[in-house]
file query.pdb (PDB, C-alpha atoms and all ligand atoms)
ATOM      1  CA  MET A   1      85.567  95.794 105.646
ATOM      2  CA  THR A   2      87.395  98.562 103.753
ATOM      3  CA  ASP A   3      91.178  98.385 104.127
ATOM      4  CA  ARG A   4      92.305 101.136 106.462
ATOM      5  CA  TYR A   5      95.469 103.232 106.307
ATOM      6  CA  ALA A   6      96.558 106.317 108.220
ATOM      7  CA  VAL A   7      99.358 108.770 108.851
ATOM      8  CA  ILE A   8     100.392 109.206 112.476
ATOM      9  CA  GLY A   9     102.217 112.246 113.841
ATOM     10  CA  ASN A  10     101.925 115.044 116.394
ATOM     11  CA  PRO A  11     100.978 117.664 115.386
ATOM     12  CA  ILE A  12      99.247 116.227 112.339
ATOM     13  CA  GLY A  13      96.862 118.984 111.252
ATOM     14  CA  HIS A  14      99.158 120.105 108.415
ATOM     15  CA  THR A  15      99.483 116.684 106.781
ATOM     16  CA  LYS A  16      98.826 116.298 103.053
ATOM     17  CA  SER A  17      98.957 112.478 103.185
ATOM     18  CA  PRO A  18      95.181 111.803 103.331
ATOM     19  CA  LEU A  19      94.697 114.064 100.288
ATOM     20  CA  ILE A  20      97.557 112.422  98.367
ATOM     21  CA  HIS A  21      96.516 108.844  99.131
ATOM     22  CA  GLY A  22      92.865 109.687  98.488
ATOM     23  CA  LEU A  23      93.800 110.962  95.018
ATOM     24  CA  PHE A  24      95.943 107.853  94.386
ATOM     25  CA  ALA A  25      93.086 105.551  95.447
ATOM     26  CA  GLU A  26      90.641 107.361  93.176
ATOM     27  CA  ALA A  27      93.003 107.284  90.192
ATOM     28  CA  THR A  28      93.838 103.577  90.584
ATOM     29  CA  GLY A  29      90.315 102.467  91.540
ATOM     30  CA  GLN A  30      91.451 101.081  94.909
ATOM     31  CA  ALA A  31      88.871 100.922  97.694
ATOM     32  CA  LEU A  32      90.559 102.117 100.879
ATOM     33  CA  GLU A  33      90.226 104.608 103.685
ATOM     34  CA  TYR A  34      93.137 106.869 104.679
ATOM     35  CA  THR A  35      92.935 109.108 107.722
ATOM     36  CA  ALA A  36      95.229 111.204 109.947
ATOM     37  CA  ILE A  37      95.844 110.172 113.558
ATOM     38  CA  GLU A  38      97.292 112.481 116.192
ATOM     39  CA  GLY A  39      99.560 110.131 118.139
ATOM     40  CA  PRO A  40     100.034 110.587 121.907
ATOM     41  CA  LEU A  41     103.255 112.230 123.072
ATOM     42  CA  GLU A  42     102.774 110.698 126.521
ATOM     43  CA  PRO A  43     102.920 108.089 127.929
ATOM     44  CA  ARG A  44     105.990 106.524 126.320
ATOM     45  CA  GLU A  45     104.135 103.357 125.283
ATOM     46  CA  GLY A  46     101.209 105.369 123.920
ATOM     47  CA  PHE A  47     102.502 105.195 120.348
ATOM     48  CA  ALA A  48     102.661 101.383 120.347
ATOM     49  CA  GLN A  49      99.176 101.178 121.866
ATOM     50  CA  THR A  50      97.738 103.495 119.222
ATOM     51  CA  VAL A  51      99.295 101.465 116.392
ATOM     52  CA  LYS A  52      98.058  98.172 117.850
ATOM     53  CA  ALA A  53      94.537  99.552 118.277
ATOM     54  CA  PHE A  54      94.611 100.653 114.640
ATOM     55  CA  ILE A  55      95.690  97.170 113.522
ATOM     56  CA  ALA A  56      92.931  95.597 115.613
ATOM     57  CA  ALA A  57      90.419  97.889 113.865
ATOM     58  CA  GLY A  58      91.443  96.648 110.409
ATOM     59  CA  GLY A  59      94.516  98.820 109.780
ATOM     60  CA  LYS A  60      96.716  97.539 106.939
ATOM     61  CA  GLY A  61      99.413 100.187 106.913
ATOM     62  CA  MET A  62     100.570 103.518 108.300
ATOM     63  CA  ASN A  63     102.778 106.410 107.362
ATOM     64  CA  VAL A  64     104.796 107.841 110.214
ATOM     65  CA  THR A  65     105.889 111.415 110.677
ATOM     66  CA  ALA A  66     107.487 113.499 113.418
ATOM     67  CA  PRO A  67     108.049 112.780 116.234
ATOM     68  CA  PHE A  68     107.346 109.041 115.854
ATOM     69  CA  LYS A  69     109.822 107.864 113.194
ATOM     70  CA  LEU A  70     112.165 106.386 115.795
ATOM     71  CA  HIS A  71     109.320 104.930 117.865
ATOM     72  CA  ALA A  72     108.093 103.109 114.740
ATOM     73  CA  PHE A  73     111.594 101.793 114.161
ATOM     74  CA  GLU A  74     111.661 100.300 117.653
ATOM     75  CA  LEU A  75     108.172  98.858 117.363
ATOM     76  CA  ALA A  76     108.740  97.045 114.054
ATOM     77  CA  ASP A  77     109.195  93.273 113.770
ATOM     78  CA  GLU A  78     111.037  93.596 110.431
ATOM     79  CA  ARG A  79     112.948  96.538 108.966
ATOM     80  CA  SER A  80     114.272  97.173 105.457
ATOM     81  CA  GLU A  81     117.964  97.957 104.950
ATOM     82  CA  ARG A  82     117.286 101.626 104.260
ATOM     83  CA  ALA A  83     115.063 101.918 107.342
ATOM     84  CA  THR A  84     117.854 100.301 109.344
ATOM     85  CA  LEU A  85     120.489 102.745 108.094
ATOM     86  CA  ALA A  86     118.148 105.677 108.632
ATOM     87  CA  GLY A  87     117.279 104.373 112.100
ATOM     88  CA  ALA A  88     113.873 105.785 111.212
ATOM     89  CA  VAL A  89     110.672 104.572 109.625
ATOM     90  CA  ASN A  90     108.176 106.483 107.501
ATOM     91  CA  ALA A  91     105.908 103.614 106.423
ATOM     92  CA  MET A  92     104.644 100.421 108.046
ATOM     93  CA  LYS A  93     102.747  97.457 106.647
ATOM     94  CA  PHE A  94     100.746  95.156 108.896
ATOM     95  CA  GLU A  95     100.785  91.592 107.623
ATOM     96  CA  ASN A  96     100.130  88.247 109.302
ATOM     97  CA  GLY A  97     100.384  89.800 112.746
ATOM     98  CA  ARG A  98     103.748  91.413 111.982
ATOM     99  CA  ILE A  99     104.800  95.049 111.633
ATOM    100  CA  ILE A 100     107.072  95.530 108.620
ATOM    101  CA  ALA A 101     108.905  98.845 108.442
ATOM    102  CA  GLU A 102     110.242 100.873 105.527
ATOM    103  CA  ASN A 103     111.692 104.275 104.847
ATOM    104  CA  PHE A 104     110.718 105.718 101.462
ATOM    105  CA  ASP A 105     111.878 109.311 102.051
ATOM    106  CA  GLY A 106     115.199 108.787 100.270
ATOM    107  CA  VAL A 107     113.846 106.857  97.273
ATOM    108  CA  GLY A 108     111.086 109.445  96.925
ATOM    109  CA  LEU A 109     113.668 112.222  96.829
ATOM    110  CA  VAL A 110     115.856 110.441  94.265
ATOM    111  CA  ARG A 111     112.839 109.647  92.100
ATOM    112  CA  ASP A 112     111.704 113.267  92.144
ATOM    113  CA  ILE A 113     115.148 114.474  91.111
ATOM    114  CA  GLU A 114     115.792 111.824  88.459
ATOM    115  CA  ALA A 115     112.341 111.117  86.994
ATOM    116  CA  ASN A 116     110.381 114.338  87.544
ATOM    117  CA  LEU A 117     113.142 116.932  87.291
ATOM    118  CA  GLN A 118     115.023 114.846  84.725
ATOM    119  CA  ARG A 119     118.355 115.230  86.486
ATOM    120  CA  PRO A 120     120.012 111.788  86.586
ATOM    121  CA  MET A 121     122.727 111.661  89.230
ATOM    122  CA  ALA A 122     124.948 109.036  87.623
ATOM    123  CA  GLY A 123     128.437 110.452  87.085
ATOM    124  CA  LYS A 124     127.496 113.829  88.625
ATOM    125  CA  ARG A 125     128.913 115.763  91.565
ATOM    126  CA  VAL A 126     126.298 115.873  94.315
ATOM    127  CA  LEU A 127     126.368 117.867  97.550
ATOM    128  CA  ILE A 128     124.019 117.249 100.469
ATOM    129  CA  LEU A 129     123.796 119.835 103.244
ATOM    130  CA  GLY A 130     122.994 118.444 106.693
ATOM    131  CA  ALA A 131     123.523 115.142 108.460
ATOM    132  CA  GLY A 132     120.309 114.619 110.412
ATOM    133  CA  GLY A 133     117.502 112.115 109.992
ATOM    134  CA  ALA A 134     116.600 113.229 106.469
ATOM    135  CA  VAL A 135     120.121 112.562 105.208
ATOM    136  CA  ARG A 136     120.397 109.221 106.981
ATOM    137  CA  GLY A 137     117.280 108.146 105.095
ATOM    138  CA  ALA A 138     118.562 109.418 101.761
ATOM    139  CA  LEU A 139     122.105 108.102 101.793
ATOM    140  CA  LEU A 140     121.628 104.594 100.366
ATOM    141  CA  PRO A 141     119.278 105.668  97.546
ATOM    142  CA  PHE A 142     121.680 108.492  96.646
ATOM    143  CA  LEU A 143     124.656 106.133  96.504
ATOM    144  CA  ALA A 144     122.612 103.679  94.426
ATOM    145  CA  ALA A 145     122.057 106.452  91.871
ATOM    146  CA  GLY A 146     125.804 106.331  91.143
ATOM    147  CA  PRO A 147     127.069 109.912  91.489
ATOM    148  CA  ALA A 148     130.748 110.494  90.642
ATOM    149  CA  GLN A 149     131.069 112.197  94.012
ATOM    150  CA  LEU A 150     128.737 112.558  96.973
ATOM    151  CA  VAL A 151     129.736 115.088  99.615
ATOM    152  CA  ILE A 152     127.889 115.466 102.933
ATOM    153  CA  ALA A 153     128.530 118.857 104.529
ATOM    154  CA  ASN A 154     127.423 119.652 108.054
ATOM    155  CA  ARG A 155     128.160 122.257 110.763
ATOM    156  CA  ASP A 156     128.880 119.406 113.133
ATOM    157  CA  VAL A 157     131.411 117.590 110.943
ATOM    158  CA  ALA A 158     131.663 114.609 113.292
ATOM    159  CA  LYS A 159     127.985 113.868 112.653
ATOM    160  CA  ALA A 160     128.559 113.824 108.886
ATOM    161  CA  GLU A 161     131.671 111.680 109.342
ATOM    162  CA  ALA A 162     129.790 109.167 111.478
ATOM    163  CA  LEU A 163     127.150 108.860 108.792
ATOM    164  CA  VAL A 164     129.703 108.292 106.062
ATOM    165  CA  ALA A 165     131.550 105.751 108.218
ATOM    166  CA  GLN A 166     128.321 103.772 108.574
ATOM    167  CA  VAL A 167     128.160 103.043 104.849
ATOM    168  CA  GLY A 168     131.932 103.002 104.350
ATOM    169  CA  ALA A 169     133.720 106.069 103.008
ATOM    170  CA  GLY A 170     135.090 105.598  99.536
ATOM    171  CA  GLN A 171     136.500 107.753  96.795
ATOM    172  CA  SER A 172     133.021 108.864  95.844
ATOM    173  CA  LEU A 173     131.679 109.606  99.337
ATOM    174  CA  ARG A 174     133.054 112.076 101.841
ATOM    175  CA  ALA A 175     132.061 114.221 104.777
ATOM    176  CA  CYS A 176     133.197 117.789 105.434
ATOM    177  CA  GLY A 177     132.406 121.119 107.069
ATOM    178  CA  TYR A 178     131.051 124.170 105.256
ATOM    179  CA  ARG A 179     134.395 125.950 105.114
ATOM    180  CA  GLU A 180     135.997 123.095 103.185
ATOM    181  CA  LEU A 181     133.365 123.502 100.483
ATOM    182  CA  GLU A 182     135.063 126.686  99.313
ATOM    183  CA  ALA A 183     137.904 124.665  97.809
ATOM    184  CA  MET A 184     135.725 121.992  96.237
ATOM    185  CA  GLY A 185     134.396 123.761  93.164
ATOM    186  CA  SER A 186     130.847 123.498  91.923
ATOM    187  CA  PHE A 187     128.304 120.674  92.105
ATOM    188  CA  ASP A 188     125.682 119.528  89.598
ATOM    189  CA  LEU A 189     123.146 119.056  92.373
ATOM    190  CA  VAL A 190     122.972 120.708  95.796
ATOM    191  CA  VAL A 191     120.324 119.396  98.206
ATOM    192  CA  ASN A 192     119.459 121.327 101.339
ATOM    193  CA  ALA A 193     118.515 118.621 103.832
ATOM    194  CA  THR A 194     119.160 120.778 106.909
ATOM    195  CA  SER A 195     116.281 122.038 109.005
ATOM    196  CA  ALA A 196     117.546 125.626 108.587
ATOM    197  CA  SER A 197     114.736 126.631 106.202
ATOM    198  CA  LEU A 198     112.098 125.760 108.772
ATOM    199  CA  THR A 199     113.309 128.746 110.784
ATOM    200  CA  GLY A 200     114.105 130.972 107.805
ATOM    201  CA  GLN A 201     117.858 130.453 108.197
ATOM    202  CA  LEU A 202     120.540 129.818 105.635
ATOM    203  CA  PRO A 203     123.210 127.125 106.042
ATOM    204  CA  PRO A 204     126.647 128.783 105.634
ATOM    205  CA  VAL A 205     127.104 127.445 102.123
ATOM    206  CA  PRO A 206     129.484 129.305  99.786
ATOM    207  CA  PRO A 207     127.734 130.449  96.563
ATOM    208  CA  GLY A 208     130.546 128.833  94.541
ATOM    209  CA  VAL A 209     129.065 125.368  95.129
ATOM    210  CA  PHE A 210     126.301 126.093  92.617
ATOM    211  CA  SER A 211     126.937 125.457  88.977
ATOM    212  CA  PRO A 212     124.750 127.561  86.640
ATOM    213  CA  ALA A 213     123.550 124.497  84.697
ATOM    214  CA  GLY A 214     122.945 122.595  87.928
ATOM    215  CA  THR A 215     120.035 122.086  90.293
ATOM    216  CA  ALA A 216     119.319 123.328  93.812
ATOM    217  CA  TYR A 217     116.796 121.256  95.773
ATOM    218  CA  GLU A 218     115.158 122.297  99.020
ATOM    219  CA  LEU A 219     113.695 119.442 101.065
ATOM    220  CA  ALA A 220     111.156 121.683 102.765
ATOM    221  CA  TYR A 221     108.043 122.371 100.688
ATOM    222  CA  GLY A 222     105.442 125.059 100.348
ATOM    223  CA  LYS A 223     107.755 127.701 101.842
ATOM    224  CA  GLY A 224     108.370 129.596  98.600
ATOM    225  CA  LEU A 225     111.873 130.807  97.811
ATOM    226  CA  THR A 226     113.736 129.916 101.003
ATOM    227  CA  PRO A 227     117.051 131.669 101.777
ATOM    228  CA  PHE A 228     118.814 128.626 100.279
ATOM    229  CA  LEU A 229     116.838 128.702  97.016
ATOM    230  CA  ARG A 230     117.285 132.476  96.849
ATOM    231  CA  LEU A 231     121.043 132.083  97.186
ATOM    232  CA  ALA A 232     120.977 129.514  94.374
ATOM    233  CA  ARG A 233     118.920 131.840  92.163
ATOM    234  CA  ASN A 234     121.297 134.710  92.864
ATOM    235  CA  ALA A 235     124.168 132.423  91.882
ATOM    236  CA  GLY A 236     122.523 132.096  88.465
ATOM    237  CA  ILE A 237     120.852 128.697  88.833
ATOM    238  CA  GLN A 238     117.620 128.240  86.894
ATOM    239  CA  GLY A 239     116.861 124.733  88.181
ATOM    240  CA  VAL A 240     115.498 125.284  91.684
ATOM    241  CA  ALA A 241     112.915 123.003  93.277
ATOM    242  CA  ASP A 242     111.303 122.382  96.634
ATOM    243  CA  GLY A 243     110.316 119.055  98.184
ATOM    244  CA  VAL A 244     106.707 118.762  97.016
ATOM    245  CA  GLY A 245     107.677 116.125  94.454
ATOM    246  CA  MET A 246     109.543 114.139  97.100
ATOM    247  CA  LEU A 247     106.484 114.224  99.336
ATOM    248  CA  VAL A 248     104.275 112.806  96.592
ATOM    249  CA  GLU A 249     106.872 110.272  95.407
ATOM    250  CA  GLN A 250     107.465 108.791  98.870
ATOM    251  CA  ALA A 251     103.685 108.467  99.182
ATOM    252  CA  ALA A 252     103.552 106.675  95.803
ATOM    253  CA  GLU A 253     106.240 104.233  96.977
ATOM    254  CA  ALA A 254     104.203 103.406 100.079
ATOM    255  CA  PHE A 255     100.993 103.097  98.064
ATOM    256  CA  ALA A 256     102.656 100.670  95.618
ATOM    257  CA  TRP A 257     104.120  98.679  98.532
ATOM    258  CA  TRP A 258     100.719  98.385 100.215
ATOM    259  CA  ARG A 259      98.456  97.939  97.206
ATOM    260  CA  GLY A 260     100.662  96.463  94.469
ATOM    261  CA  VAL A 261      99.683  99.289  92.088
ATOM    262  CA  ARG A 262     101.921 102.258  91.322
ATOM    263  CA  PRO A 263      99.914 105.479  91.021
ATOM    264  CA  ASP A 264     100.790 108.204  88.551
ATOM    265  CA  THR A 265     102.253 111.147  90.470
ATOM    266  CA  ARG A 266     102.284 114.045  87.968
ATOM    267  CA  ALA A 267      98.724 115.281  88.470
ATOM    268  CA  VAL A 268      99.049 115.079  92.266
ATOM    269  CA  ILE A 269     102.337 116.993  92.283
ATOM    270  CA  ASP A 270     100.795 119.673  90.073
ATOM    271  CA  ARG A 271      97.830 119.951  92.411
ATOM    272  CA  LEU A 272     100.015 120.361  95.524
ATOM    273  CA  THR A 273     102.658 122.637  94.044
ATOM    274  CA  VAL A 274     102.824 126.106  95.543
ATOM    275  CA  PRO A 275     104.703 128.461  93.167
ATOM    276  CA  LEU A 276     108.148 129.413  94.506
ATOM    277  CA  ASP A 277     107.801 133.086  93.547
TER     278      ASP A 277
HETATM  279  P1  LIG B   1     118.230 114.913 113.927
HETATM  280  O1  LIG B   1     117.579 113.940 113.033
HETATM  281  O2  LIG B   1     119.696 114.750 114.043
HETATM  282  O3  LIG B   1     117.531 115.103 115.227
HETATM  283  P2  LIG B   1     117.423 116.872 112.055
HETATM  284  O4  LIG B   1     116.448 117.880 112.524
HETATM  285  O5  LIG B   1     117.022 115.798 111.121
HETATM  286  O6  LIG B   1     118.113 116.331 113.314
HETATM  287  O7  LIG B   1     118.700 117.547 111.399
HETATM  288  C1  LIG B   1     118.937 118.857 111.478
HETATM  289  C2  LIG B   1     120.062 119.122 110.483
HETATM  290  O8  LIG B   1     119.975 120.472 110.068
HETATM  291  C3  LIG B   1     121.440 118.929 111.069
HETATM  292  O9  LIG B   1     122.305 118.494 110.058
HETATM  293  C4  LIG B   1     121.799 120.351 111.524
HETATM  294  O10 LIG B   1     123.178 120.616 111.564
HETATM  295  P3  LIG B   1     124.067 120.252 112.882
HETATM  296  O11 LIG B   1     124.094 118.761 112.960
HETATM  297  O12 LIG B   1     125.407 120.818 112.586
HETATM  298  O13 LIG B   1     123.365 120.894 114.031
HETATM  299  C5  LIG B   1     121.198 121.130 110.399
HETATM  300  N1  LIG B   1     120.893 122.530 110.708
HETATM  301  C6  LIG B   1     119.899 123.020 111.462
HETATM  302  N2  LIG B   1     119.898 124.367 111.459
HETATM  303  C7  LIG B   1     120.930 124.749 110.679
HETATM  304  C8  LIG B   1     121.472 126.016 110.264
HETATM  305  N3  LIG B   1     120.920 127.171 110.666
HETATM  306  N4  LIG B   1     122.542 126.013 109.446
HETATM  307  C9  LIG B   1     123.094 124.847 109.033
HETATM  308  N5  LIG B   1     122.633 123.626 109.389
HETATM  309  C10 LIG B   1     121.565 123.573 110.195
END

call {"tool": "encode", "arguments": {"input": "query.pdb", "output": "structure tokens", "more": "lines below"}}
Ligand code: ATR
result
Amino acid sequence: MTDRYAVIGNPIGHTKSPLIHGLFAEATGQALEYTAIEGPLEPREGFAQTVKAFIAAGGKGMNVTAPFKLHAFELADERSERATLAGAVNAMKFENGRIIAENFDGVGLVRDIEANLQRPMAGKRVLILGAGGAVRGALLPFLAAGPAQLVIANRDVAKAEALVAQVGAGQSLRACGYRELEAMGSFDLVVNATSASLTGQLPPVPPGVFSPAGTAYELAYGKGLTPFLRLARNAGIQGVADGVGMLVEQAAEAFAWWRGVRPDTRAVIDRLTVPLD
């Protein structure tokens, strides 16, 4: 029987995961099937039932997207450290009757920035906007990259502070509100991990946070020049990027975890990239 994989979410029509994993399988010569499953919003236990039915039908692994990342966390028998800190799961592996859970969103983001965009974070000043699920998933991989300073700015400062407290605030990590950013100078990398761009809004970030030789990264993808990226451009930044590379890199992490083969990502990123302008 062909090994089966799937992405589960609701809605799921927009997902690029079957395309990405199909291209990976073709390029690495792996025989597998990867489909999209629309998970049930109701009843509450419907998610667990759908996953178990998939396992019974030969499922070896699943990616998880909204709104099931927390459900997958609860369902898992084992969770990685980064999944635990994120409190959310974006990939599962089914092995020996157990559900093993991971979160590759953060490592995918760091890999896109460091390997694809060639912007190593070690010794740099890094600013992350937002303190929701995306940032929880990214925090450990960002710290592991060794920035000189990592600042988490959020409208609701208490939420950013709680996140920082979870990993232990140090000299290099701090939480703040947007207004405090005005006195903090410029950053080598500014990542917009808020959900503001999904509704065409702009987080209240002062233009002074951008450094002309730096990079502005928008987690959303395929939305062109969002208000955040436009602000960065207007502040003179040449290095602006959206999250298409992160999407492909987190998929590559999952693929390597499941199959033991790391696919090349460049061609897939190029194929999925929608020009910003
Ligand atoms: P969660 O995982 O907490 O449910 P999320 O959707 O992952 O939520 O996170 C949304 C993030 O985008 C939050 O950091 C939110 O800021 P607040 O915590 O202050 O609400 C942020 N966000 C959403 N819209 C925003 C906007 N227009 N400007 C700035 N930040 C915004």

call {"tool": "atom_distance", "arguments": {"input": "query.pdb", "atom1": "atom CA of Gly185 of chain A", "atom2": "atom CA of Leu198 of chain A"}}
result
27.3 Å

call {"tool": "closest_residue", "arguments": {"input": "query.pdb", "among": "A:Asn90, A:Thr35, A:Thr226, A:Gln166", "to": "Ala76 of chain A", "atoms": "all atoms listed in the file"}}
result
A:Asn90

call {"tool": "closest_residue", "arguments": {"input": "query.pdb", "among": "A:Val205, A:Ala6, A:Gly106, A:Leu173", "to": "Gly146 of chain A", "atoms": "only C-alpha atoms"}}
result
A:Leu173

call {"tool": "closest_residue", "arguments": {"input": "query.pdb", "among": "A:Val167, A:Ala267, A:Ala131, A:Ala183", "to": "ligand LIG 1 (chain B)", "atoms": "all atoms listed in the file"}}
result
A:Ala131

call {"tool": "residues_around", "arguments": {"input": "query.pdb", "residues": "Leu127 of chain A", "least_positions_apart": "6", "cutoff": "9 Å", "atoms": "all atoms listed in the file", "output": "list in words"}}
result
Gln149, Leu150, Val151, Ile152, Ala153, Phe187, Asp188, Leu189, Val190, Val191, Asn192 and Val209 of chain A

call {"tool": "residues_near_ligand", "arguments": {"input": "query.pdb", "ligand": "ligand LIG 1 (chain B)", "cutoff": "6 Å", "atoms": "all atoms listed in the file", "output": "VMD selection string"}}
result
chain A and resid 130 to 134 154 to 156 194 to 196 201 to 203

call {"tool": "axis_aligned_box", "arguments": {"input": "query.pdb", "around": "segment 87-103 of chain A", "padding_each_side": "3 Å", "output": "AutoDock Vina command-line options"}}
result
--center_x 108.7 --center_y 97.4 --center_z 108.8 --size_x 23.1 --size_y 24.2 --size_z 13.9

call {"tool": "atom_distance", "arguments": {"input": "query.pdb", "atom1": "atom CA of Trp257 of chain A", "atom2": "atom CA of Ala101 of chain A"}}
result
11.0 Å

call {"tool": "build_atoms", "arguments": {"input": "query.pdb", "residues": "segment 43-56 of chain A", "atoms": "N, CA, C and O atoms", "output": "CSV table (one decimal), keeping the file's coordinate frame"}}
result
chain,number,residue,atom,x,y,z
A,43,PRO,N,101.7,108.6,127.4
A,43,PRO,CA,102.9,108.1,127.9
A,43,PRO,C,103.8,107.5,126.8
A,43,PRO,O,103.4,107.4,125.7
A,44,ARG,N,105.0,107.1,127.2
A,44,ARG,CA,106.0,106.5,126.3
A,44,ARG,C,105.4,105.4,125.4
A,44,ARG,O,105.7,105.3,124.3
A,45,GLU,N,104.6,104.5,126.0
A,45,GLU,CA,104.1,103.4,125.3
A,45,GLU,C,102.9,103.7,124.5
A,45,GLU,O,102.3,102.8,123.9
A,46,GLY,N,102.4,105.0,124.6
A,46,GLY,CA,101.2,105.4,123.9
A,46,GLY,C,101.2,105.2,122.4
A,46,GLY,O,100.2,104.8,121.8
A,47,PHE,N,102.4,105.4,121.8
A,47,PHE,CA,102.5,105.2,120.3
A,47,PHE,C,102.2,103.8,120.0
A,47,PHE,O,101.4,103.5,119.1
A,48,ALA,N,102.9,102.8,120.7
A,48,ALA,CA,102.7,101.4,120.3
A,48,ALA,C,101.2,101.0,120.5
A,48,ALA,O,100.6,100.3,119.7
A,49,GLN,N,100.6,101.5,121.6
A,49,GLN,CA,99.2,101.2,121.9
A,49,GLN,C,98.3,101.7,120.8
A,49,GLN,O,97.3,101.0,120.3
A,50,THR,N,98.6,102.9,120.3
A,50,THR,CA,97.7,103.5,119.2
A,50,THR,C,97.9,102.7,117.9
A,50,THR,O,96.9,102.4,117.3
A,51,VAL,N,99.1,102.3,117.6
A,51,VAL,CA,99.3,101.5,116.4
A,51,VAL,C,98.6,100.1,116.5
A,51,VAL,O,97.9,99.7,115.6
A,52,LYS,N,98.7,99.5,117.7
A,52,LYS,CA,98.1,98.2,117.8
A,52,LYS,C,96.5,98.3,117.8
A,52,LYS,O,95.9,97.4,117.2
A,53,ALA,N,96.0,99.4,118.3
A,53,ALA,CA,94.5,99.6,118.3
A,53,ALA,C,94.1,99.7,116.8
A,53,ALA,O,93.1,99.2,116.4
A,54,PHE,N,94.9,100.4,116.1
A,54,PHE,CA,94.6,100.7,114.6
A,54,PHE,C,94.6,99.3,113.9
A,54,PHE,O,93.8,99.1,113.0
A,55,ILE,N,95.6,98.5,114.2
A,55,ILE,CA,95.7,97.2,113.5
A,55,ILE,C,94.5,96.3,113.9
A,55,ILE,O,93.8,95.7,113.0
A,56,ALA,N,94.1,96.4,115.1
A,56,ALA,CA,92.9,95.6,115.6
A,56,ALA,C,91.7,96.1,114.9
A,56,ALA,O,90.7,95.3,114.7
